[in-house]
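Visitor: My structure file protein-v2.tsv, TSV, C-alpha atoms, is below:
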```tsv
chain	number	residue	atom	x	y	z
A	1	MET	CA	0.00	0.00	0.00
A	2	SER	CA	1.35	3.40	-0.94
A	3	ARG	CA	2.04	5.98	1.76
A	4	LEU	CA	-0.68	8.28	0.33
A	5	LYS	CA	-3.33	5.54	0.39
A	6	PHE	CA	-2.36	4.64	3.95
A	7	ILE	CA	-2.73	8.26	5.09
A	8	LEU	CA	-6.11	8.57	3.35
A	9	LEU	CA	-7.34	5.33	4.94
A	10	PHE	CA	-6.16	6.49	8.36
A	11	VAL	CA	-8.04	9.80	8.00
A	12	VAL	CA	-11.24	7.97	6.99
A	13	VAL	CA	-11.02	5.66	10.01
A	14	VAL	CA	-10.43	8.55	12.45
A	15	VAL	CA	-13.33	10.60	11.04
A	16	SER	CA	-15.60	7.55	11.23
A	17	LEU	CA	-14.70	6.97	14.88
A	18	ILE	CA	-15.31	10.61	15.77
A	19	THR	CA	-18.66	10.58	13.98
A	20	PHE	CA	-19.67	7.35	15.72
A	21	ASP	CA	-18.67	8.70	19.14
A	22	PHE	CA	-20.62	11.95	18.56
A	23	ALA	CA	-23.70	10.04	17.40
A	24	SER	CA	-23.45	7.73	20.41
A	25	THR	CA	-23.23	10.69	22.78
A	26	GLN	CA	-26.22	12.37	21.16
A	27	ALA	CA	-28.21	9.14	21.36
A	28	LYS	CA	-27.29	8.79	25.04
A	29	VAL	CA	-28.50	12.32	25.80
A	30	ILE	CA	-31.77	11.81	23.97
A	31	SER	CA	-32.35	8.39	25.56
A	32	LEU	CA	-32.45	9.84	29.09
A	33	ASN	CA	-36.12	10.35	29.87
A	34	ARG	CA	-35.61	11.57	33.43
A	35	TYR	CA	-33.03	13.20	35.68
A	36	ILE	CA	-32.78	12.45	39.40
A	37	LEU	CA	-32.60	15.06	42.17
A	38	PRO	CA	-30.95	13.77	45.38
A	39	GLY	CA	-32.85	14.12	48.65
A	40	GLU	CA	-36.04	12.92	50.30
A	41	ARG	CA	-37.79	16.30	50.69
A	42	VAL	CA	-36.72	18.28	47.64
A	43	PHE	CA	-40.15	19.33	46.30
A	44	PRO	CA	-38.54	21.14	43.34
A	45	GLU	CA	-40.08	24.06	41.50
A	46	GLY	CA	-37.92	26.03	39.04
A	47	ILE	CA	-35.57	25.09	36.22
A	48	ALA	CA	-33.08	26.97	34.04
A	49	TYR	CA	-31.10	25.54	31.12
A	50	GLN	CA	-27.64	26.75	30.07
A	51	PRO	CA	-27.02	25.79	26.40
A	52	LYS	CA	-23.28	26.53	26.44
A	53	THR	CA	-22.55	23.91	29.09
A	54	LYS	CA	-25.64	21.68	28.67
A	55	ASP	CA	-26.15	22.16	32.40
A	56	PHE	CA	-29.52	22.78	33.99
A	57	PHE	CA	-30.35	24.14	37.43
A	58	VAL	CA	-33.30	23.13	39.61
A	59	SER	CA	-34.57	24.78	42.80
A	60	SER	CA	-35.84	23.21	46.03
A	61	THR	CA	-38.75	24.91	47.76
A	62	THR	CA	-37.99	23.08	50.99
A	63	ASP	CA	-34.66	24.66	51.91
A	64	GLY	CA	-33.46	26.74	48.94
A	65	THR	CA	-30.98	24.20	47.58
A	66	ILE	CA	-30.03	24.75	43.94
A	67	PHE	CA	-29.11	21.57	42.08
A	68	ARG	CA	-27.02	21.39	38.92
A	69	GLY	CA	-27.52	18.63	36.39
A	70	ASN	CA	-26.18	17.90	32.93
A	71	LEU	CA	-27.95	16.40	29.94
A	72	GLN	CA	-25.43	13.55	29.80
A	73	GLN	CA	-25.72	12.55	33.46
A	74	GLU	CA	-28.75	10.91	35.05
A	75	SER	CA	-28.26	12.39	38.53
A	76	ALA	CA	-27.94	16.05	39.49
A	77	GLU	CA	-25.81	17.32	42.36
A	78	VAL	CA	-25.99	20.14	44.88
A	79	PHE	CA	-24.63	23.37	43.41
A	80	LEU	CA	-25.72	25.87	46.10
A	81	PRO	CA	-26.52	24.43	49.55
A	82	GLY	CA	-29.86	25.27	51.12
A	83	GLY	CA	-29.85	28.09	53.66
A	84	ALA	CA	-26.72	29.77	52.30
A	85	ASP	CA	-26.98	33.56	51.91
A	86	GLY	CA	-30.35	33.43	53.70
A	87	ARG	CA	-31.81	31.45	50.77
A	88	THR	CA	-34.24	29.24	52.71
A	89	THR	CA	-36.47	28.54	49.72
A	90	ALA	CA	-36.10	28.93	45.98
A	91	ILE	CA	-38.73	29.09	43.25
A	92	GLY	CA	-38.24	30.32	39.65
A	93	LEU	CA	-34.82	30.29	37.94
A	94	LYS	CA	-33.26	31.67	34.77
A	95	VAL	CA	-29.70	31.80	33.39
A	96	ASP	CA	-28.51	34.63	31.13
A	97	ASP	CA	-25.87	34.41	28.38
A	98	LYS	CA	-23.26	35.88	30.77
A	99	GLY	CA	-23.47	32.89	33.10
A	100	ARG	CA	-25.57	34.57	35.78
A	101	LEU	CA	-28.26	32.58	37.59
A	102	PHE	CA	-31.32	34.54	38.78
A	103	VAL	CA	-33.27	33.04	41.67
A	104	ALA	CA	-36.75	33.97	42.96
A	105	GLY	CA	-37.09	33.65	46.72
A	106	GLY	CA	-40.83	33.01	47.17
A	107	ASN	CA	-42.34	34.17	50.47
A	108	THR	CA	-38.99	35.46	51.74
A	109	GLY	CA	-39.38	38.39	49.32
A	110	GLN	CA	-35.82	37.90	48.12
A	111	ILE	CA	-34.04	37.82	44.77
A	112	PHE	CA	-30.56	36.34	44.30
A	113	VAL	CA	-28.04	36.48	41.46
A	114	TYR	CA	-25.18	33.95	41.27
A	115	ASN	CA	-22.23	33.14	39.05
A	116	THR	CA	-22.96	29.73	37.49
A	117	HIS	CA	-19.26	28.87	37.23
A	118	SER	CA	-18.06	29.70	40.73
A	119	GLY	CA	-21.30	29.85	42.71
A	120	GLU	CA	-20.39	33.34	43.91
A	121	LEU	CA	-23.27	35.52	45.12
A	122	LEU	CA	-23.29	38.54	42.83
A	123	GLY	CA	-26.30	40.37	44.22
A	124	GLN	CA	-29.17	40.07	46.68
A	125	PHE	CA	-32.40	42.00	47.26
A	126	LYS	CA	-35.29	41.85	49.73
A	127	ASN	CA	-38.56	43.75	49.24
A	128	GLN	CA	-39.38	44.03	52.98
A	129	LYS	CA	-43.08	43.25	52.38
A	130	ALA	CA	-45.16	41.17	54.79
A	131	SER	CA	-47.31	39.61	52.05
A	132	THR	CA	-45.17	38.55	49.11
A	133	PHE	CA	-44.28	35.55	46.97
A	134	ILE	CA	-41.62	36.29	44.36
A	135	ASN	CA	-42.32	33.47	42.00
A	136	ASP	CA	-40.86	33.40	38.50
A	137	VAL	CA	-38.36	35.25	36.33
A	138	ALA	CA	-37.80	36.02	32.65
A	139	ILE	CA	-34.79	37.62	30.97
A	140	SER	CA	-35.33	40.04	28.08
A	141	PRO	CA	-32.90	40.18	25.11
A	142	ASN	CA	-31.13	43.22	26.62
A	143	GLY	CA	-30.28	41.23	29.76
A	144	GLU	CA	-32.83	42.73	32.14
A	145	ALA	CA	-34.60	40.23	34.41
A	146	TYR	CA	-38.25	40.58	35.45
A	147	PHE	CA	-39.78	38.84	38.48
A	148	THR	CA	-43.45	38.17	39.24
A	149	ASP	CA	-44.97	38.34	42.70
A	150	SER	CA	-47.98	36.04	43.24
A	151	SER	CA	-49.22	37.82	46.37
A	152	ASP	CA	-48.41	41.49	45.81
A	153	PRO	CA	-49.30	43.39	42.57
A	154	THR	CA	-45.72	44.32	41.78
A	155	LEU	CA	-43.34	43.32	38.99
A	156	TYR	CA	-39.65	43.63	39.86
A	157	LYS	CA	-36.76	44.35	37.52
A	158	VAL	CA	-33.10	43.49	37.92
A	159	SER	CA	-30.62	45.22	35.64
A	160	ILE	CA	-26.85	45.44	35.36
A	161	ASN	CA	-25.27	48.81	34.61
A	162	GLU	CA	-22.08	49.66	32.71
A	163	ALA	CA	-20.05	49.34	35.91
A	164	ASN	CA	-21.34	45.74	36.18
A	165	GLU	CA	-23.36	46.67	39.26
A	166	ILE	CA	-26.63	44.82	39.85
A	167	GLN	CA	-29.63	47.08	40.42
A	168	PHE	CA	-33.03	46.08	41.79
A	169	GLU	CA	-36.30	48.00	41.48
A	170	ALA	CA	-40.06	47.64	41.91
A	171	TRP	CA	-40.71	48.27	38.21
A	172	LEU	CA	-44.49	48.05	37.75
A	173	ASP	CA	-47.48	48.38	40.08
A	174	PHE	CA	-50.51	46.59	38.59
A	175	THR	CA	-52.98	48.60	40.66
A	176	GLY	CA	-55.47	50.25	38.30
A	177	THR	CA	-54.52	48.12	35.28
A	178	SER	CA	-56.55	45.41	33.54
A	179	LEU	CA	-54.63	42.84	35.59
A	180	GLU	CA	-56.53	42.78	38.88
A	181	TYR	CA	-55.14	40.86	41.83
A	182	GLN	CA	-57.67	38.64	43.56
A	183	SER	CA	-57.66	36.21	46.48
A	184	GLY	CA	-55.42	33.24	45.90
A	185	PHE	CA	-52.32	32.82	43.74
A	186	ASN	CA	-52.06	35.55	41.11
A	187	LEU	CA	-49.16	36.19	38.73
A	188	ASN	CA	-46.96	33.18	38.18
A	189	GLY	CA	-45.04	32.30	35.00
A	190	ILE	CA	-43.42	34.98	32.86
A	191	ALA	CA	-41.69	35.05	29.46
A	192	ALA	CA	-40.04	37.76	27.33
A	193	SER	CA	-40.61	38.14	23.58
A	194	LEU	CA	-37.59	37.63	21.35
A	195	ASP	CA	-37.82	41.19	20.01
A	196	GLY	CA	-37.64	42.62	23.54
A	197	LYS	CA	-40.95	44.48	23.23
A	198	TYR	CA	-43.21	42.47	25.48
A	199	LEU	CA	-43.50	40.37	28.59
A	200	ILE	CA	-46.10	37.59	28.74
A	201	VAL	CA	-47.51	36.54	32.13
A	202	VAL	CA	-50.08	34.04	33.36
A	203	GLN	CA	-52.43	34.66	36.29
A	204	SER	CA	-52.92	31.30	37.99
A	205	ASN	CA	-56.20	31.88	39.79
A	206	THR	CA	-58.05	33.36	36.80
A	207	GLY	CA	-56.34	31.41	34.02
A	208	LYS	CA	-55.73	34.59	32.04
A	209	LEU	CA	-52.71	35.59	29.97
A	210	PHE	CA	-51.52	39.19	29.78
A	211	ARG	CA	-49.15	41.14	27.55
A	212	ILE	CA	-46.99	43.88	29.09
A	213	ASP	CA	-45.45	46.47	26.78
A	214	ILE	CA	-41.96	47.04	28.20
A	215	ASP	CA	-41.60	50.59	26.86
A	216	SER	CA	-45.02	51.94	27.87
A	217	LYS	CA	-45.77	49.50	30.72
A	218	GLN	CA	-49.26	49.09	29.25
A	219	VAL	CA	-50.97	45.88	30.38
A	220	THR	CA	-53.39	44.10	28.02
A	221	GLU	CA	-55.26	40.83	28.45
A	222	ILE	CA	-54.52	38.35	25.67
A	223	ASP	CA	-57.72	37.17	23.99
A	224	LEU	CA	-57.86	33.37	24.19
A	225	GLY	CA	-61.35	33.08	22.72
A	226	GLY	CA	-62.90	32.21	26.06
A	227	GLU	CA	-60.30	29.61	27.07
A	228	ARG	CA	-58.93	29.70	30.62
A	229	LEU	CA	-55.58	28.32	31.77
A	230	THR	CA	-56.33	28.02	35.49
A	231	ASN	CA	-53.47	26.76	37.63
A	232	GLY	CA	-51.10	28.07	34.99
A	233	ASP	CA	-47.60	27.87	36.43
A	234	GLY	CA	-44.38	28.09	34.43
A	235	ILE	CA	-44.56	29.30	30.83
A	236	LEU	CA	-42.17	29.06	27.89
A	237	LEU	CA	-42.13	31.12	24.70
A	238	SER	CA	-40.63	28.74	22.15
A	239	ARG	CA	-38.07	29.85	19.59
A	240	GLY	CA	-39.37	28.96	16.13
A	241	LYS	CA	-41.22	30.12	13.03
A	242	LYS	CA	-44.50	30.37	14.92
A	243	GLN	CA	-45.03	32.15	18.23
A	244	ILE	CA	-45.78	29.19	20.46
A	245	LEU	CA	-46.34	29.59	24.18
A	246	TYR	CA	-46.29	26.53	26.43
A	247	VAL	CA	-48.21	26.84	29.70
A	248	VAL	CA	-47.83	24.28	32.49
A	249	ARG	CA	-51.10	23.66	34.35
A	250	ASN	CA	-49.76	22.06	37.50
A	251	GLN	CA	-52.83	20.45	39.11
A	252	GLN	CA	-54.10	19.17	35.78
A	253	LYS	CA	-50.66	17.70	34.86
A	254	LEU	CA	-50.94	19.34	31.46
A	255	ILE	CA	-48.68	21.26	29.11
A	256	VAL	CA	-50.86	23.53	27.00
A	257	LYS	CA	-49.68	24.72	23.59
A	258	VAL	CA	-50.92	28.19	22.62
A	259	GLU	CA	-50.28	29.78	19.23
A	260	LEU	CA	-50.00	33.56	19.61
A	261	GLU	CA	-50.49	36.26	17.01
A	262	GLU	CA	-47.55	38.43	16.01
A	263	ASP	CA	-48.47	41.27	18.37
A	264	PHE	CA	-49.40	38.86	21.21
A	265	SER	CA	-52.91	40.32	21.38
A	266	ARG	CA	-54.65	37.00	20.69
A	267	GLY	CA	-53.92	33.33	21.17
A	268	THR	CA	-55.40	29.98	20.20
A	269	VAL	CA	-55.11	26.88	22.35
A	270	VAL	CA	-53.76	24.21	20.00
A	271	SER	CA	-53.35	21.22	22.31
A	272	SER	CA	-53.09	19.96	25.87
A	273	THR	CA	-50.50	17.25	26.51
A	274	THR	CA	-49.66	15.04	29.47
A	275	ASP	CA	-47.21	12.21	30.15
A	276	PRO	CA	-47.25	9.31	32.64
A	277	SER	CA	-44.07	10.64	34.24
A	278	LEU	CA	-45.54	14.01	35.20
A	279	ALA	CA	-46.13	14.52	38.93
A	280	TYR	CA	-47.66	17.93	39.69
A	281	PRO	CA	-45.41	19.63	37.08
A	282	THR	CA	-44.52	23.24	37.76
A	283	THR	CA	-42.38	24.55	34.93
A	284	ILE	CA	-40.34	23.67	31.84
A	285	ALA	CA	-37.15	24.41	29.93
A	286	GLN	CA	-36.56	23.72	26.24
A	287	VAL	CA	-33.65	21.66	24.93
A	288	ARG	CA	-33.90	21.39	21.16
A	289	LYS	CA	-37.08	19.36	20.53
A	290	GLN	CA	-37.37	18.21	24.15
A	291	LEU	CA	-38.91	19.77	27.23
A	292	LEU	CA	-37.40	19.37	30.69
A	293	VAL	CA	-40.34	19.25	33.10
A	294	VAL	CA	-39.99	19.71	36.87
A	295	ASN	CA	-42.03	17.20	38.89
A	296	SER	CA	-42.73	19.04	42.15
A	297	GLN	CA	-45.05	16.48	43.81
A	298	PHE	CA	-46.59	19.37	45.75
A	299	ASP	CA	-49.73	17.26	46.11
A	300	LYS	CA	-47.67	14.76	48.16
A	301	ARG	CA	-46.50	17.40	50.62
A	302	GLY	CA	-47.94	17.68	54.11
A	303	SER	CA	-48.94	15.64	57.11
A	304	GLY	CA	-49.73	12.03	56.31
A	305	LEU	CA	-48.54	12.32	52.71
A	306	THR	CA	-45.52	10.60	51.19
A	307	ALA	CA	-43.65	11.69	48.08
A	308	GLU	CA	-42.53	9.07	45.56
A	309	LEU	CA	-38.74	8.95	45.49
A	310	PRO	CA	-36.63	9.97	43.77
A	311	PHE	CA	-37.69	13.49	42.84
A	312	THR	CA	-37.19	13.93	39.12
A	313	VAL	CA	-37.11	16.14	36.08
A	314	SER	CA	-38.82	14.51	33.07
A	315	SER	CA	-37.56	14.84	29.50
A	316	ILE	CA	-40.44	14.64	27.03
A	317	SER	CA	-40.93	15.54	23.38
A	318	SER	CA	-42.22	19.06	22.70
A	319	PRO	CA	-45.91	18.95	21.74
```
In structure tokens, what does this structure look like?
Guide:
Amino acid sequence: MSRLKFILLFVVVVVSLITFDFASTQAKVISLNRYILPGERVFPEGIAYQPKTKDFFVSSTTDGTIFRGNLQQESAEVFLPGGADGRTTAIGLKVDDKGRLFVAGGNTGQIFVYNTHSGELLGQFKNQKASTFINDVAISPNGEAYFTDSSDPTLYKVSINEANEIQFEAWLDFTGTSLEYQSGFNLNGIAASLDGKYLIVVQSNTGKLFRIDIDSKQVTEIDLGGERLTNGDGILLSRGKKQILYVVRNQQKLIVKVELEEDFSRGTVVSSTTDPSLAYPTTIAQVRKQLLVVNSQFDKRGSGLTAELPFTVSSISSP
């Protein structure tokens, strides 16, 4: 065999092995249909996916632990221990493209910002309100983070200035708008439009969706043609040709697919999907054509009730 033919054959073999290894890795990732969260009383709530690292973060409502998992590993591990920095509970999560993790602190009225690489606390805020439940968070294209409060009619904003300083503010008071707070759990899930113009929020107790114009702060109910998404929890605005909003209805164990018009003024419920693995699902994150779904088991919490171990995050196909 000539030297040239040998070199060509060697190159073909190496490329084939690399291709096979990549395909095997991809198949392994896709084949995982659940991820395990260690602990007997996790009762998880929020999730945030970091595409650059293929890591995802999950919050524990019980003690504020933040877990970190990876798409290629079945079991997650503790990233931020519960109770650290006064973080005694944790709800909604989001990661920005700078590697910052934003954490909603529920009834503690707190907001935390961490470095996803080192775990360093970058910023912390407390609203000092007696009745509060800071629930979920969305990050707009310009990097500003918006937090809902399920008990108090306030939307919070976290921004980072040119000096890299984190700033917190009570950004919008819903009093007097079309979004009226009522008894029970109000604003929950939140998403930002890809063009940075709007925020979309769901009101759990009424099942209504609302559009918030970021520039004018005008609040408008989204016309769903009479449909109601009661118990709407986490929401996800999918990246694609159509404007698809996924809404998790926790008690119903459903993921509802809503097709929204270009200006987000109207929406049509396309489908409602469930899966045998879902256990009081709270929120979702998108990974290509899959959805990572947090199984909170909140209905198994309390005296005389027993959660089914282990606590998990399901991986299901996007509806």
Visitor: For Val202 (chain A), find every residue with an atom within 6 Å (counting all atoms listed in the file), except residues of its own chain fewer than 4 positions away, and show them as a PyMOL selection string.
Guide: chain A and resi 187-189+208-209
Visitor: Output the selection as a JSON list (two decimals), in the frame of the given file - C-alpha atoms for each residue.
Guide:
```json
[["chain", "number", "residue", "atom", "x", "y", "z"],
["A", 187, "LEU", "CA", -49.16, 36.19, 38.73],
["A", 188, "ASN", "CA", -46.96, 33.18, 38.18],
["A", 189, "GLY", "CA", -45.04, 32.30, 35.00],
["A", 208, "LYS", "CA", -55.73, 34.59, 32.04],
["A", 209, "LEU", "CA", -52.71, 35.59, 29.97]]
```
Visitor: For Leu292 (chain A), work out the shell of residues within 7 Å, counting all atoms listed in the file and skipping chain neighbours fewer than 2 positions away, then give it as a list in words.
Guide: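 The residues that qualify are Ile284, Ala285, Gln286, Gln290, Val294, Val313, Ser314, Ser315 and Ile316 of chain A.
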Visitor: Tell me which protein, DNA and RNA residues are within 7 Å of region 50-65 of chain A, counting all atoms listed in the file, leaving out same-chain ones fewer than 6 positions away, and put them as a list of chain:residue names.
Guide: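 Counting all atoms listed in the file, the residues come to A:Arg41, A:Val42, A:Phe43, A:Pro44, A:Leu71, A:Val78, A:Leu80, A:Pro81, A:Gly82, A:Gly83, A:Arg87, A:Thr88, A:Thr89, A:Ala90, A:Ile91, A:Val95.
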Visitor: Give me, as a ChimeraX atom specification, all polymer residues having an atom no more than 8 Å from Leu229 (chain A), counting all atoms listed in the file and skipping those fewer than 3 positions away in the same chain.
Guide: /A:204,206-208,232,247,249
Visitor: Please determine the residues with any atom at most 12 Å from (-52.8, 53.3, 38.4) (coordinates as given in the file, with only C-alpha atoms counting) and report them as a list of chain:residue names.
Guide: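 Taken together, the residues in range are A:Pro153, A:Thr154, A:Leu172, A:Asp173, A:Phe174, A:Thr175, A:Gly176, A:Thr177, A:Ser178, A:Leu179, A:Glu180, A:Lys217, A:Gln218, A:Val219.
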Visitor: Listed atoms of region 198-205 of chain A, axis-aligned box, 4 Å per side: centre and edge lengths to one decimal in Å, as AutoDock Vina command-line options?
Guide:
```
--center_x -49.7 --center_y 36.9 --center_z 32.6 --size_x 21.0 --size_y 19.2 --size_z 22.3
```
Visitor: So that I can check the surroundings of Glu74 (chain A), please list as number ranges by chain every protein, DNA and RNA residue that reaches within 9 Å of it, counting all atoms listed in the file and ignoring chain neighbours fewer than 3 positions away.
Guide: A: 32, 34-36, 69-71
Visitor: Do you have the CA of Thr148 (chain A)-CA of Phe133 (chain A) distance handy?
Guide: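 So the two atoms, CA of Thr148 (chain A) and CA of Phe133 (chain A), lie 8.2 Å apart.
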Visitor: Taking into account all atoms listed in the file, which residue in the set A:Asp215, A:Asp149, A:Asp299, A:Glu259 is nearest to Leu236 (chain A)?
Guide: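 Result for the nearest residue to Leu236 (chain A): A:Glu259.
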Visitor: So the first atom is CA of Ala170 (chain A) and the second is CA of Leu155 (chain A); what is the distance between them in Å, to one decimal place?
Guide: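 Straight-line distance from CA of Ala170 (chain A) to CA of Leu155 (chain A) works out to 6.2 Å.
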